[in-house]
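The data block below is run.txt; it holds compact mmCIF, C-alpha atoms.
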```txt
# COMPACT_ATOMS: atom_id res chain seq x y z
CA MET P 1342 15.39 45.75 3.10
CA LYS P 1343 16.35 47.85 6.10
CA THR P 1344 14.45 50.81 4.65
CA GLN P 1345 11.17 48.89 4.34
CA PRO P 1346 8.55 49.84 6.96
CA VAL P 1347 7.74 46.21 7.78
CA ASN P 1348 11.36 45.74 8.84
CA ASN P 1349 10.68 48.11 11.73
CA VAL P 1350 7.62 46.80 13.55
CA SER P 1351 7.23 48.22 17.05
CA TRP P 1352 4.72 47.59 19.82
CA ILE P 1353 2.90 50.72 20.98
CA ASP P 1354 0.08 51.30 23.48
CA ARG P 1355 -3.15 51.23 21.46
CA ASP P 1356 -4.28 54.42 23.21
CA ARG P 1357 -1.55 56.37 21.42
CA LEU P 1358 -3.23 55.66 18.07
CA SER P 1359 -6.16 57.57 16.63
CA ALA P 1360 -8.46 57.01 13.68
CA ASN P 1361 -8.27 59.20 10.62
CA ASN P 1362 -11.41 61.08 9.55
CA TYR P 1363 -11.62 59.95 5.93
CA ASN P 1364 -11.39 56.14 5.74
CA PRO P 1365 -14.05 54.89 3.30
CA ASN P 1366 -13.75 51.27 4.47
CA ASN P 1367 -16.54 49.80 6.57
CA VAL P 1368 -16.52 46.38 8.22
CA PRO P 1369 -19.86 44.95 9.42
CA PRO P 1370 -20.09 43.55 12.98
CA PRO P 1371 -19.89 39.86 11.93
CA GLU P 1372 -16.58 40.50 10.15
CA LEU P 1373 -15.28 42.48 13.15
CA GLU P 1374 -16.06 39.46 15.30
CA LEU P 1375 -14.22 37.28 12.78
CA LEU P 1376 -11.23 39.62 12.95
CA LYS P 1377 -11.23 39.28 16.75
CA ILE P 1378 -11.38 35.49 16.46
CA SER P 1379 -8.55 35.58 13.92
CA ILE P 1380 -6.29 37.58 16.24
CA LEU P 1381 -7.14 35.38 19.22
CA ALA P 1382 -6.55 32.17 17.23
CA ASN P 1383 -3.51 33.17 15.17
CA GLY P 1384 -2.07 36.20 16.95
CA TRP P 1385 -1.15 39.48 15.33
CA THR P 1386 -0.11 38.71 11.76
CA GLN P 1387 -0.33 42.23 10.34
CA PRO P 1388 0.83 45.47 11.89
CA ILE P 1389 -1.20 48.66 11.85
CA VAL P 1390 0.20 51.27 9.49
CA VAL P 1391 0.48 54.71 11.10
CA ARG P 1392 1.81 58.22 10.58
CA PRO P 1393 3.43 60.00 13.52
CA GLU P 1394 1.23 62.85 14.76
CA GLY P 1395 2.24 64.89 17.79
CA ASP P 1396 2.68 62.52 20.74
CA GLY P 1397 0.69 59.79 18.99
CA PHE P 1398 -0.02 58.20 15.67
CA GLU P 1399 -2.80 58.51 13.10
CA ILE P 1400 -3.92 55.27 11.49
CA ILE P 1401 -3.36 54.89 7.75
CA ASP P 1402 -4.32 51.21 7.55
CA GLY P 1403 -5.53 48.81 10.21
CA TYR P 1404 -8.33 50.82 11.80
CA HIS P 1405 -10.44 47.70 12.34
CA ARG P 1406 -7.53 45.77 13.85
CA TRP P 1407 -7.07 48.74 16.18
CA ARG P 1408 -10.79 48.74 17.07
CA VAL P 1409 -10.69 45.01 17.85
CA SER P 1410 -7.59 45.57 20.01
CA ALA P 1411 -9.84 47.30 22.56
CA ASP P 1412 -11.47 43.95 23.31
CA ALA P 1413 -10.34 42.69 26.73
CA GLU P 1414 -9.19 39.28 25.45
CA VAL P 1415 -7.25 40.76 22.55
CA SER P 1416 -5.73 43.48 24.72
CA GLU P 1417 -4.63 40.96 27.33
CA MET P 1418 -2.56 39.08 24.74
CA THR P 1419 -0.09 41.96 24.39
CA ASP P 1420 -0.69 44.10 27.49
CA GLY P 1421 -2.67 46.68 25.51
CA LYS P 1422 -0.02 47.15 22.85
CA VAL P 1423 -0.49 46.83 19.09
CA PRO P 1424 2.10 46.19 16.36
CA VAL P 1425 2.70 49.22 14.15
CA VAL P 1426 4.85 50.29 11.25
CA GLU P 1427 5.38 53.97 10.62
CA LEU P 1428 5.16 55.71 7.27
CA ASN P 1429 6.81 59.10 7.15
CA ILE P 1430 4.32 60.80 4.87
CA SER P 1431 4.25 64.58 4.96
CA LYS P 1432 1.33 65.40 2.64
CA HIS P 1433 -2.20 64.61 3.72
CA SER P 1434 -3.07 63.60 0.15
CA GLU P 1435 -0.31 60.95 0.21
CA GLN P 1436 -1.71 59.57 3.45
CA VAL P 1437 -5.26 59.39 2.06
CA MET P 1438 -4.05 57.66 -1.09
CA ALA P 1439 -2.04 55.19 0.99
CA THR P 1440 -5.20 54.32 2.92
CA VAL P 1441 -7.20 53.76 -0.26
CA ARG P 1442 -4.44 51.66 -1.84
CA HIS P 1443 -4.21 49.45 1.24
CA ASN P 1444 -7.99 48.94 1.30
CA ARG P 1445 -8.48 48.32 -2.42
CA ALA P 1446 -5.48 46.02 -2.76
CA ARG P 1447 -7.17 43.44 -0.55
CA GLY P 1448 -9.78 42.58 -3.16
CA SER P 1449 -12.87 40.55 -2.40
CA HIS P 1450 -13.87 36.92 -2.04
CA ALA P 1451 -15.46 35.27 -5.08
CA VAL P 1452 -18.52 33.16 -4.28
CA LEU P 1453 -17.42 30.06 -6.18
CA SER P 1454 -13.95 30.11 -4.65
CA MET P 1455 -15.49 30.38 -1.19
CA ALA P 1456 -17.76 27.46 -2.08
CA ASP P 1457 -14.70 25.37 -2.96
CA ILE P 1458 -13.10 26.28 0.38
CA VAL P 1459 -16.21 25.41 2.42
CA LYS P 1460 -16.67 22.13 0.56
CA ASN P 1461 -13.00 21.24 1.13
CA LEU P 1462 -13.15 22.08 4.84
CA ILE P 1463 -16.16 19.83 5.32
CA ASP P 1464 -15.46 16.98 2.88
CA ASP P 1465 -11.67 16.76 2.94
CA GLU P 1466 -10.66 18.31 6.27
CA GLY P 1467 -13.47 16.74 8.30
CA LEU P 1468 -14.97 19.88 9.83
CA THR P 1469 -18.67 19.98 10.57
CA LYS P 1470 -20.87 22.72 9.15
CA GLU P 1471 -21.17 24.03 12.70
CA GLU P 1472 -17.38 24.28 13.01
CA VAL P 1473 -17.18 26.15 9.71
CA MET P 1474 -19.92 28.49 10.92
CA ASP P 1475 -18.09 29.17 14.17
CA LYS P 1476 -14.54 29.47 12.87
CA LEU P 1477 -15.43 31.58 9.82
CA GLN P 1478 -18.33 33.42 11.48
CA MET P 1479 -20.85 32.44 8.82
CA GLU P 1480 -24.60 31.93 9.09
CA TRP P 1481 -26.03 28.43 8.61
CA GLU P 1482 -27.64 29.40 5.29
CA GLU P 1483 -24.35 30.79 3.96
CA VAL P 1484 -22.45 27.61 4.82
CA ASP P 1485 -25.26 25.46 3.45
CA ARG P 1486 -25.47 27.33 0.14
CA LEU P 1487 -21.70 27.43 -0.29
CA TYR P 1488 -21.45 23.74 0.51
CA ASP P 1489 -24.20 22.95 -2.01
CA SER P 1490 -22.36 24.85 -4.75
CA GLY P 1491 -22.87 22.05 -7.23
CA THR P 1492 -26.39 23.27 -7.93
CA MET P 1493 -25.74 26.93 -7.20
CA LEU P 1494 -25.29 27.85 -10.85
CA GLU P 1495 -28.36 25.89 -11.95
CA HIS P 1496 -30.84 27.39 -9.47
CA GLY P 1497 -30.44 31.05 -10.28
CA SER P 1498 -33.21 33.37 -9.13
CA LYS P 1499 -35.84 30.62 -8.62
CA ASP P 1500 -34.05 29.59 -5.41
CA GLY P 1501 -33.91 33.02 -3.87
CA PHE P 1502 -31.02 34.62 -5.74
CA ASP P 1503 -31.77 38.00 -7.26
CA LYS P 1504 -31.52 38.25 -11.05
CA GLY P 1505 -28.45 40.45 -10.56
CA TRP P 1506 -26.64 37.63 -8.79
CA LYS P 1507 -24.77 35.78 -11.50
CA PRO P 1508 -21.83 33.75 -10.27
CA THR P 1509 -19.15 33.18 -12.85
CA LYS P 1510 -16.20 30.88 -13.01
CA GLU P 1511 -12.94 32.76 -13.51
```
Just give me the structure of the file as structure tokens.
Amino acid sequence: MKTQPVNNVSWIDRDRLSANNYNPNNVPPPELELLKISILANGWTQPIVVRPEGDGFEIIDGYHRWRVSADAEVSEMTDGKVPVVELNISKHSEQVMATVRHNRARGSHAVLSMADIVKNLIDDEGLTKEEVMDKLQMEWEEVDRLYDSGTMLEHGSKDGFDKGWKPTKE
């Protein structure tokens, strides 16, 4: 275990990190805000993966966590430092592939599973739709449609879903 990168997390000034120039991942502003809220509410739960480069570090994974770390509230939590783990990768191609693997391994959220979560938060956990909107950074319509998942499969395109939108149960 001692050789595993996660066993060697260190705190480094965020200004010593730099973005790579090839990351294909894009996070829309609402999800960036959600990431900020997540760090403020739960703290840093994942380090940024970096490769040493000169006097600094190039980001392999965690670019959006790094971006959010520039926020004054987030920065104040750790005096401008971010948690990092270093990968000693010598070939650029290995670094690029590591970035893609990290991004693709996260997967995506299935609509029906998210509907179950929203319904549970409201019905079983006692949250209001407004609380779900705020804490998960969702729009009212998104929460409302996810909550009303019982008829989601029946409505199809007549209720505003495109014909290409076909939720399935897996």
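For the pair CA of Val1415 (chain P) and CA of Ser1351 (chain P), the interatomic distance is 17.2 Å.
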What does the distance from CA of Pro1346 (chain P) to CA of Glu1427 (chain P) come to in Å, to one decimal?
6.4 Å
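Rounded to one decimal, CA of Arg1408 (chain P) and CA of Val1425 (chain P) lie 13.8 Å from each other.
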What's the 7 Å shell around region 1386-1396 of chain P, counting all atoms listed in the file, without same-chain residues fewer than 6 positions away, as a short mmCIF file (atom, residue, chain, number, x, y, z; two decimals) with C-alpha atoms, in the coordinates of the input?
```cif
data_model
loop_
_atom_site.label_atom_id
_atom_site.label_comp_id
_atom_site.auth_asym_id
_atom_site.auth_seq_id
_atom_site.Cartn_x
_atom_site.Cartn_y
_atom_site.Cartn_z
CA ASP P 1402 -4.32 51.21 7.55
CA GLY P 1403 -5.53 48.81 10.21
CA PRO P 1424 2.10 46.19 16.36
CA VAL P 1425 2.70 49.22 14.15
CA VAL P 1426 4.85 50.29 11.25
CA GLU P 1427 5.38 53.97 10.62
CA LEU P 1428 5.16 55.71 7.27
CA ASN P 1429 6.81 59.10 7.15
CA ILE P 1430 4.32 60.80 4.87
#
```
Long-range neighbours of Leu1381 (chain P) as a ChimeraX atom specification, 10 Å cut-off, only C-alpha atoms, 2 positions minimum in chain
/P:1375-1379,1383-1385,1414-1416,1418
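Distance annotation: of P:Asp1412, P:Glu1372, P:Asp1457, P:Asp1356, the residue with the minimal separation from Lys1476 (chain P) is P:Glu1372; atom set is only C-alpha atoms.
Shortest atom-to-atom contact with Pro1370 (chain P) among P:Val1409, P:Leu1468, P:Met1438, P:Met1342: P:Val1409, counting all atoms listed in the file.
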Polymer residues at most 12 Å from Thr1469 (chain P), all atoms listed in the file, same-chain spacing of 5 or more positions, as a ChimeraX atom specification:
/P:1459-1464,1474-1476,1481,1484-1485,1488
Output, as AutoDock Vina command-line options, the centre and edge lengths in Å (one decimal) of the axis-aligned box that contains all listed atoms of region 1467-1485 of chain P with 4 Å of margin on each side.
```
--center_x -20.6 --center_y 25.1 --center_z 8.8 --size_x 22.2 --size_y 24.7 --size_z 18.7
```
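Minimum distance to Val1452 (chain P) across P:Val1368, P:Val1437, P:Val1350, P:Leu1487 (counting all atoms listed in the file) occurs at P:Leu1487.
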Polymer residues at most 12 Å from His1433 (chain P), only C-alpha atoms, same-chain spacing of 5 or more positions, as a list in words
Asn1361, Asn1362, Tyr1363, Arg1392, Glu1394, Glu1399, Ile1401, Met1438, Ala1439 and Thr1440 of chain P
Those same residues - C-alpha atoms - I'd like them written as a PDB file, in the coordinates of the input.
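Final output, again_4.pdb:
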```pdb
ATOM      1  CA  ASN P1361      -8.270  59.200  10.620  1.00  0.00           C
ATOM      2  CA  ASN P1362     -11.410  61.080   9.550  1.00  0.00           C
ATOM      3  CA  TYR P1363     -11.620  59.950   5.930  1.00  0.00           C
ATOM      4  CA  ARG P1392       1.810  58.220  10.580  1.00  0.00           C
ATOM      5  CA  GLU P1394       1.230  62.850  14.760  1.00  0.00           C
ATOM      6  CA  GLU P1399      -2.800  58.510  13.100  1.00  0.00           C
ATOM      7  CA  ILE P1401      -3.360  54.890   7.750  1.00  0.00           C
ATOM      8  CA  MET P1438      -4.050  57.660  -1.090  1.00  0.00           C
ATOM      9  CA  ALA P1439      -2.040  55.190   0.990  1.00  0.00           C
ATOM     10  CA  THR P1440      -5.200  54.320   2.920  1.00  0.00           C
TER      11      THR P1440
END
```
Pick out the closest residue to Thr1419 (chain P) from this set: P:Lys1470, P:Met1455, P:Ser1434, P:Arg1355. Count all atoms listed in the file.
P:Arg1355
